[in-house]
Amino acid sequence: MSWEPVIGLEIHVHLKTRTKMFCRCPVAYFEPPNTQTCPVCLALPGSLPVPNRKAVEWTVLLGLALGCEIAEHAVFHRKNYFYPDNPKGYQISQYDEPLCVNGRVPVPALDGDIEVGIVRAHLEEDAAKTVHVGGAEGRIHGSESSLVDFNRAGTPLVEIVTAPDLRSSEDAKRFLQLLRQTVVELGISDAEMEKGSLRFDVNVSVREAGETGFRTRTELKNMNSFNFAAKGIEREIRRQIEIYEGGGEVEQETLHFDPGNESAAPLRSKEEAQDYRYFPEPDLVPLVPERELVERLRGELPEPPWARIRRLETEVGFSLAEGLVTAGRDELYSRTPGEREAVANVLMNELAAAGVDPATVNGEELGKVIAQRAEIPRAAFGEALAASGSDGFSAEAYLAETAIADVGELDPVIDRILSENEQQVEAYRGGKEGLLGFFVGQVMKETGGKANPQVVNERLREKLKA
Amino acid sequence: MIDTLRLTVEEATDLLERGEVSPAELHRAYLDAAAERNEELNVYLCTIDEGADGASGVPVAFKDVISTKGIETTAGSKILAGYRPVFDATVAFRCKDAGLSLLGKTNMDEFAMGSSTENSAYGPTRNPWDPTRVPGGSSGGSTAAVAAGLAPWALGSDTGGSIKQPAALCGVVGLRPTYGTVSRYGIVAFASSLDQVGPIAKTVRDCARLYQIIAGRDPSDSTTVELPAPVELPEAEDLKGLRIGVPKELNEAEGIEPGVAEQVARSLDLARELGAEVGECSLPRSVEFGLPCYYLIAPSEASSNLARYDGVRYGLRSTPNGDVRAMYDRTRHDGFGDEPKRRIMLGTYALSAGYYEAFYGQAQKVRTVIRDEHAAAFEQFDVLASPTSPTVAFELGARTANPLAMYAADLLTIPSNLAGLPGLSIPCGLSEGLPVGLQLIGRQFAENLLFRVGHALERALAFDFAPERLR
């Protein structure tokens, strides 16, 4: 029997606005606990929310980038639940009238685009952070006490919900990478999973090939990297298939993914499903995005990553194109002259390994380094790449400086090596010309890899002739 | 010697301007009066001796629902005992900015939920006209303070009638402003879509002065707007050219005492004499459905607004054995009185999945109907008039066992509140020796017109606002 996975995503992105969603506290990470707070984000009696205009504008911008319709009338709702990280006892979120609806992202894949529907993108506030003390691994179970840090409380958060249009963990990962790249390029979030500024939950179900309805889904929470997510999805797909093949039924539940041992433990099942008692937030008036603003933002949209992948694919093939775009390296790629695939490969491999920020690199100069790749020692090439992001980097000057091509400098080294290896010199002169490589290796070793191999070759041949 | 029982704010301002009295002396005079009468009346939850430091104006009292920096703000609840805000409510800031000194914080029904001030966790306030009776509520502390001469003016808050009704029962003037004209920033929230802070004073002109100080857009409250026209102190003593509508259902509702109806009718006769055109109109659905609509919307919002009292950050925390849920349960069990608990339960139910449409959703639709019905009445009339309260002040304990009887006290004030409209209550006579209030309802932002009508009637009625037993 053949099974088809059905995957939908719920992504939370922190907006990098200067201030929080409903108050003027700075959005700041890694500050001492409870230092970025005020009456509003601590929910002191009588405090009231005032929406952050920039956050609204950026949500509209993101909605437009994801092909959404922008609501003419959007409403904030209260989502009511008790938890210490939720100081008001409700989260201000959006419910049935979100800012952005009905989007569509064409995710490029090897065999055509995967059309991923965007059900909605809405604006809400993040919760505070709870730290459980005295228990195992910081979990609430077994802890002695809990501390709450309200610095994060009220950080603007966009929630993006996709339709269940993804069919494999790789496609889910593809979509997530494209989405991250999109928000980073729009300049609205740094979307770093380690910082918690990008988080997502995955809804997974499976069905038999050809089946049209959806079966019971489970929700995977606490995904902290794209790779873990892919693994978690794989594992969940296998688990569900095994259940069905064993004649069982999948239960609707939320699974907390533990990246440590890559297992997923149930958090809560539907028996405990919460009633959030959503109702329109009476402290706020509805949002009415001005049409001129929406059109202006639409006009400012950059070319989306998925379109650029398709454009670059014709030059360097799908994998490299996808890699360049999702790694944010295609802009440098387009500024770097040279044989396209060679440039793409260097950008994705050596330059990435060197940890150079592509934005700081002068493409013209990088092109020159890449063009000389064959002529310079590998170590020198690597060093040139590593230096390519520094101010005023010049390929010629750098290569001249690092690669020892100066005969006056190399000759004494070569002479010494030849005199130290008389037997090999005899053998070479006796016809064992394969020994040239041995001599080259010795010279490179002696010069710490900086010698220009072409010059070394020439000089060795010259001297061994004698 | 300052006669706080009779001194109006205008008179006090004159005294200050002429240098006959200092702000500190004025402040002291009211605190002395409070020292004398507060034990009996339980008007003040706290008084502030040093309140006049740096003040230049007339002292004021605040209902304890208004956050005051560094000064305990309990909203009449045990759950906020000892809570000292780190910030001033916008209205508190504006009063301070206008030079007013703070006399103290006045008693109230817990979280403004009640119509008698008996729901306070700090004991009931008594009516200065008859201490065996309630002052009304929930701003009963503020209205009793003004009536008894313990404050020249005061701020209250009104959700379903909590300024207008106690103003009527205490024989003072109270304004519930148009929703959105006075900032709610720093007001301990009861029902956000209905709560409005308003002034309480002995005269309409004093009321207008205090409204002038507190009204206007506040960037910290996004539901506020700029006043379309500046506040005007009323001068005219006639009502020429004005059309006063008398909504049949508001004036003939079951439970209106004959003595109340009589005084209201007398006022309307006076209005005619002053040149007004008085005619009947109708608000059938507003009165029939107002109360049930209110008792769905207000508790729903309250159930959410009161969720923040969880013992985590401030106020009472009970610490039973067990987890955080146990702490929540015990804290809220110990901290809230019966009425907030009742309304939290009502509201939680009305918002629950499966009930939302039938209750909260339906109530919102009814609210629109009520708004439209009022708008239609205002096509024919400039002001609507009715009794503020169906009855004069009732005896302490008379309704505490019967919440529905207590809720009925706001029958006549609730409809226009749901419509977001301003309402002014002025004393219009006595029935059984107790004050009767006349409710004047205006269009949105028509406060100036209400002041004009209220002022002219006040002059003609010549009501003596000093309680007989204290004269």
# chains A, B, ... in the order shown; residues from 1 in each chain; ligands from 1
>>> interface_residues(of="chain A", to="chain B", cutoff="8 Å", atoms="only C-alpha atoms", output="number ranges by chain")
A: 39, 42-50, 80, 82, 84, 87-90, 275-279, 282-285
>>> write_last_selection(atoms="C-alpha atoms", output="PDB file, in the first residue's frame")
ATOM      1  CA  PRO A  39       2.745  48.600  32.855  1.00  0.00           C
ATOM      2  CA  LEU A  42       3.288  43.454  32.678  1.00  0.00           C
ATOM      3  CA  ALA A  43      -0.511  43.802  32.469  1.00  0.00           C
ATOM      4  CA  LEU A  44      -0.766  46.148  35.423  1.00  0.00           C
ATOM      5  CA  PRO A  45      -4.390  47.105  36.157  1.00  0.00           C
ATOM      6  CA  GLY A  46      -5.687  49.788  33.820  1.00  0.00           C
ATOM      7  CA  SER A  47      -2.928  49.543  31.230  1.00  0.00           C
ATOM      8  CA  LEU A  48      -4.068  49.557  27.607  1.00  0.00           C
ATOM      9  CA  PRO A  49      -2.549  48.356  24.337  1.00  0.00           C
ATOM     10  CA  VAL A  50      -1.649  50.717  21.500  1.00  0.00           C
ATOM     11  CA  ASN A  80      -8.168  33.746  26.800  1.00  0.00           C
ATOM     12  CA  PHE A  82      -4.298  31.159  32.110  1.00  0.00           C
ATOM     13  CA  PRO A  84       2.131  32.603  34.039  1.00  0.00           C
ATOM     14  CA  PRO A  87       0.197  38.259  32.014  1.00  0.00           C
ATOM     15  CA  LYS A  88      -3.198  39.613  30.952  1.00  0.00           C
ATOM     16  CA  GLY A  89      -4.806  36.189  31.030  1.00  0.00           C
ATOM     17  CA  TYR A  90      -5.385  36.682  27.325  1.00  0.00           C
ATOM     18  CA  ASP A 275     -11.675  26.771  24.746  1.00  0.00           C
ATOM     19  CA  TYR A 276      -9.951  30.101  24.217  1.00  0.00           C
ATOM     20  CA  ARG A 277     -13.193  32.096  24.284  1.00  0.00           C
ATOM     21  CA  TYR A 278     -12.079  34.394  21.488  1.00  0.00           C
ATOM     22  CA  PHE A 279     -13.877  37.719  21.320  1.00  0.00           C
ATOM     23  CA  PRO A 282     -12.607  45.966  23.066  1.00  0.00           C
ATOM     24  CA  ASP A 283      -9.514  48.012  23.920  1.00  0.00           C
ATOM     25  CA  LEU A 284      -8.590  48.357  20.247  1.00  0.00           C
ATOM     26  CA  VAL A 285     -10.375  49.678  17.220  1.00  0.00           C
TER      27      VAL A 285
END
>>> residues_around(residues="stretch 369-383 of chain B", least_positions_apart="3", cutoff="8 Å", atoms="only C-alpha atoms", output="list in words")
Leu242, Arg243, Ile244, Gly245, Cys281, Ser282, Leu283, Arg285, Ser286, Gly290, Lys365, Val366, Pro415, Ser416, Leu418, Ala419, Gly420, Leu440, Ile441, Gly442, Arg443 and Leu450 of chain B
>>> write_last_selection(atoms="N, CA and C atoms", output="JSON list (two decimals), in the first residue's frame")
[["chain", "number", "residue", "atom", "x", "y", "z"],
["B", 242, "LEU", "N", -35.12, 74.23, 22.17],
["B", 242, "LEU", "CA", -34.67, 72.85, 22.40],
["B", 242, "LEU", "C", -35.84, 71.89, 22.41],
["B", 243, "ARG", "N", -35.59, 70.73, 21.85],
["B", 243, "ARG", "CA", -36.64, 69.70, 21.83],
["B", 243, "ARG", "C", -36.23, 68.58, 22.78],
["B", 244, "ILE", "N", -37.02, 68.36, 23.78],
["B", 244, "ILE", "CA", -36.73, 67.31, 24.77],
["B", 244, "ILE", "C", -37.68, 66.14, 24.54],
["B", 245, "GLY", "N", -37.10, 64.99, 24.29],
["B", 245, "GLY", "CA", -37.91, 63.78, 24.09],
["B", 245, "GLY", "C", -38.06, 63.02, 25.39],
["B", 281, "CYS", "N", -41.48, 60.10, 23.01],
["B", 281, "CYS", "CA", -40.89, 59.25, 21.97],
["B", 281, "CYS", "C", -40.80, 57.84, 22.53],
["B", 282, "SER", "N", -40.17, 56.96, 21.76],
["B", 282, "SER", "CA", -40.20, 55.55, 22.14],
["B", 282, "SER", "C", -38.84, 54.89, 21.92],
["B", 283, "LEU", "N", -38.45, 54.08, 22.89],
["B", 283, "LEU", "CA", -37.23, 53.27, 22.77],
["B", 283, "LEU", "C", -37.57, 51.84, 23.19],
["B", 285, "ARG", "N", -37.22, 48.60, 22.22],
["B", 285, "ARG", "CA", -36.32, 47.46, 22.37],
["B", 285, "ARG", "C", -35.14, 47.79, 23.29],
["B", 286, "SER", "N", -34.77, 49.08, 23.33],
["B", 286, "SER", "CA", -33.65, 49.47, 24.20],
["B", 286, "SER", "C", -33.94, 49.15, 25.64],
["B", 290, "GLY", "N", -32.23, 46.01, 26.95],
["B", 290, "GLY", "CA", -31.00, 46.65, 27.44],
["B", 290, "GLY", "C", -30.33, 45.89, 28.57],
["B", 365, "LYS", "N", -25.44, 42.15, 18.55],
["B", 365, "LYS", "CA", -26.44, 42.55, 17.56],
["B", 365, "LYS", "C", -27.51, 43.43, 18.21],
["B", 366, "VAL", "N", -27.92, 43.03, 19.40],
["B", 366, "VAL", "CA", -28.92, 43.83, 20.12],
["B", 366, "VAL", "C", -28.36, 45.22, 20.40],
["B", 415, "PRO", "N", -29.51, 51.52, 28.81],
["B", 415, "PRO", "CA", -29.71, 51.60, 27.35],
["B", 415, "PRO", "C", -28.80, 52.62, 26.66],
["B", 416, "SER", "N", -28.76, 53.85, 27.18],
["B", 416, "SER", "CA", -27.93, 54.85, 26.50],
["B", 416, "SER", "C", -26.44, 54.56, 26.67],
["B", 418, "LEU", "N", -25.17, 51.54, 26.55],
["B", 418, "LEU", "CA", -24.87, 50.57, 25.50],
["B", 418, "LEU", "C", -24.72, 51.27, 24.15],
["B", 419, "ALA", "N", -25.45, 52.38, 23.99],
["B", 419, "ALA", "CA", -25.37, 53.13, 22.74],
["B", 419, "ALA", "C", -24.17, 54.07, 22.71],
["B", 420, "GLY", "N", -23.40, 54.10, 23.80],
["B", 420, "GLY", "CA", -22.19, 54.94, 23.85],
["B", 420, "GLY", "C", -22.47, 56.42, 24.05],
["B", 440, "LEU", "N", -30.56, 63.09, 31.73],
["B", 440, "LEU", "CA", -30.62, 63.76, 30.42],
["B", 440, "LEU", "C", -29.63, 63.05, 29.51],
["B", 441, "ILE", "N", -30.13, 62.56, 28.38],
["B", 441, "ILE", "CA", -29.28, 61.81, 27.46],
["B", 441, "ILE", "C", -29.08, 62.64, 26.19],
["B", 442, "GLY", "N", -27.85, 62.66, 25.70],
["B", 442, "GLY", "CA", -27.58, 63.45, 24.50],
["B", 442, "GLY", "C", -27.04, 62.60, 23.37],
["B", 443, "ARG", "N", -26.89, 63.23, 22.22],
["B", 443, "ARG", "CA", -26.22, 62.58, 21.10],
["B", 443, "ARG", "C", -24.75, 62.41, 21.46],
["B", 450, "LEU", "N", -25.93, 68.97, 26.94],
["B", 450, "LEU", "CA", -26.41, 68.43, 28.22],
["B", 450, "LEU", "C", -26.12, 69.42, 29.35]]
>>> residues_around(residues="A:Glu292", least_positions_apart="5", cutoff="12 Å", atoms="only C-alpha atoms", output="PyMOL selection string")
chain A and resi 57+72+297-299
>>> residues_around(residues="stretch 14-29 of chain B", least_positions_apart="3", cutoff="7 Å", atoms="only C-alpha atoms", output="list in words")
Ile2, Glu10, Glu11, Asp32, Ala33, Ala52, Ala55, Ser56, Gly57, Val58, Pro59 and Leu103 of chain B
>>> select_by_dssp(residues="stretch 77-151 of chain B", states="strand (DSSP E or B)", output="list in words")
Leu102, Leu103, Gly104, Lys105, Thr106, Asn127, Asp130 and Arg133 of chain B
>>> residues_around(residues="A:Met223", least_positions_apart="6", cutoff="12 Å", atoms="only C-alpha atoms", output="ChimeraX atom specification")
/A:9-12,173,176,193-194,196,198-203,229-233,255-260,262-264
>>> residues_around(residues="B:Asn251", least_positions_apart="2", cutoff="12 Å", atoms="only C-alpha atoms", output="PyMOL selection string")
chain B and resi 245-249+253-258+260-265+268+280-284+287+384-390+411-413+438-439
>>> select_by_dssp(residues="stretch 24-272 of chain A", states="alpha helix (DSSP H)", output="NGL selection string")
:A and (53-65 or 169-186 or 226-245)
>>> atom_distance(atom1="atom CA of B:Gly198", atom2="atom CA of B:Leu175")
5.5 Å
>>> closest_residue(among="B:Gly149, B:Gly76, B:Pro128, B:Pro177", to="B:Leu421", atoms="only C-alpha atoms")
B:Pro177
>>> residues_around(residues="stretch 157-159 of chain A", least_positions_apart="2", cutoff="9 Å", atoms="only C-alpha atoms", output="ChimeraX atom specification")
/A:10-15,21,55,59,120-126,154-155,161,197
>>> write_last_selection(atoms="N, CA and C atoms", output="short mmCIF file (atom, residue, chain, number, x, y, z; two decimals), in the first residue's frame")
data_model
loop_
_atom_site.label_atom_id
_atom_site.label_comp_id
_atom_site.auth_asym_id
_atom_site.auth_seq_id
_atom_site.Cartn_x
_atom_site.Cartn_y
_atom_site.Cartn_z
N GLU A 10 2.62 25.94 10.64
CA GLU A 10 2.26 27.18 11.32
C GLU A 10 3.56 27.82 11.76
N ILE A 11 3.86 28.95 11.17
CA ILE A 11 5.16 29.56 11.43
C ILE A 11 4.98 30.85 12.22
N HIS A 12 5.82 31.04 13.23
CA HIS A 12 5.80 32.28 13.99
C HIS A 12 7.08 33.04 13.73
N VAL A 13 6.96 34.27 13.32
CA VAL A 13 8.13 35.10 13.04
C VAL A 13 8.08 36.35 13.92
N HIS A 14 9.13 36.57 14.68
CA HIS A 14 9.27 37.83 15.43
C HIS A 14 9.57 38.95 14.47
N LEU A 15 8.86 40.04 14.60
CA LEU A 15 9.22 41.20 13.78
C LEU A 15 10.32 41.97 14.52
N MET A 21 4.80 45.15 20.42
CA MET A 21 3.57 45.24 19.63
C MET A 21 2.57 46.24 20.20
N ALA A 55 4.65 47.41 12.87
CA ALA A 55 4.37 45.98 12.86
C ALA A 55 3.19 45.68 11.92
N THR A 59 3.51 43.46 8.52
CA THR A 59 2.67 42.27 8.31
C THR A 59 1.99 42.36 6.95
N ARG A 120 -3.57 32.14 6.01
CA ARG A 120 -3.64 33.44 6.66
C ARG A 120 -2.27 33.84 7.18
N ALA A 121 -2.09 35.12 7.37
CA ALA A 121 -0.92 35.62 8.09
C ALA A 121 -1.47 36.70 9.00
N HIS A 122 -1.33 36.52 10.29
CA HIS A 122 -1.89 37.50 11.20
C HIS A 122 -0.88 37.97 12.23
N LEU A 123 -1.24 39.05 12.88
CA LEU A 123 -0.35 39.71 13.82
C LEU A 123 -0.82 39.42 15.24
N GLU A 124 0.14 39.13 16.12
CA GLU A 124 -0.21 38.91 17.52
C GLU A 124 0.99 39.28 18.38
N GLU A 125 0.86 39.05 19.68
CA GLU A 125 1.96 39.38 20.59
C GLU A 125 2.53 38.09 21.15
N ASP A 126 3.83 38.09 21.41
CA ASP A 126 4.45 36.91 21.97
C ASP A 126 4.22 36.87 23.49
N GLY A 154 4.98 40.53 24.61
CA GLY A 154 4.53 41.62 23.77
C GLY A 154 5.37 41.85 22.52
N THR A 155 6.34 40.98 22.28
CA THR A 155 7.10 41.11 21.03
C THR A 155 6.17 40.83 19.85
N VAL A 161 -0.05 30.61 8.49
CA VAL A 161 -0.61 29.26 8.46
C VAL A 161 -0.73 28.81 7.01
N SER A 197 13.48 33.79 17.15
CA SER A 197 12.73 34.75 16.34
C SER A 197 12.07 34.09 15.14
#
>>> closest_residue(among="B:Gly70, B:Gly423, B:Pro467, B:Gly397", to="B:Ile163", atoms="only C-alpha atoms")
B:Gly423
>>> atom_distance(atom1="atom CA of A:Pro5", atom2="atom CA of A:Ser319")
23.5 Å
>>> closest_residue(among="B:Cys46, B:Ala409, B:Cys170, B:Ala446", to="B:Pro228", atoms="only C-alpha atoms")
B:Ala446
>>> closest_residue(among="A:Thr130, A:Ser225, A:Asn362, A:Ser394", to="A:Arg180", atoms="only C-alpha atoms")
A:Ser225
>>> atom_distance(atom1="atom CA of A:Asp415", atom2="atom CA of A:Lys432")
19.2 Å
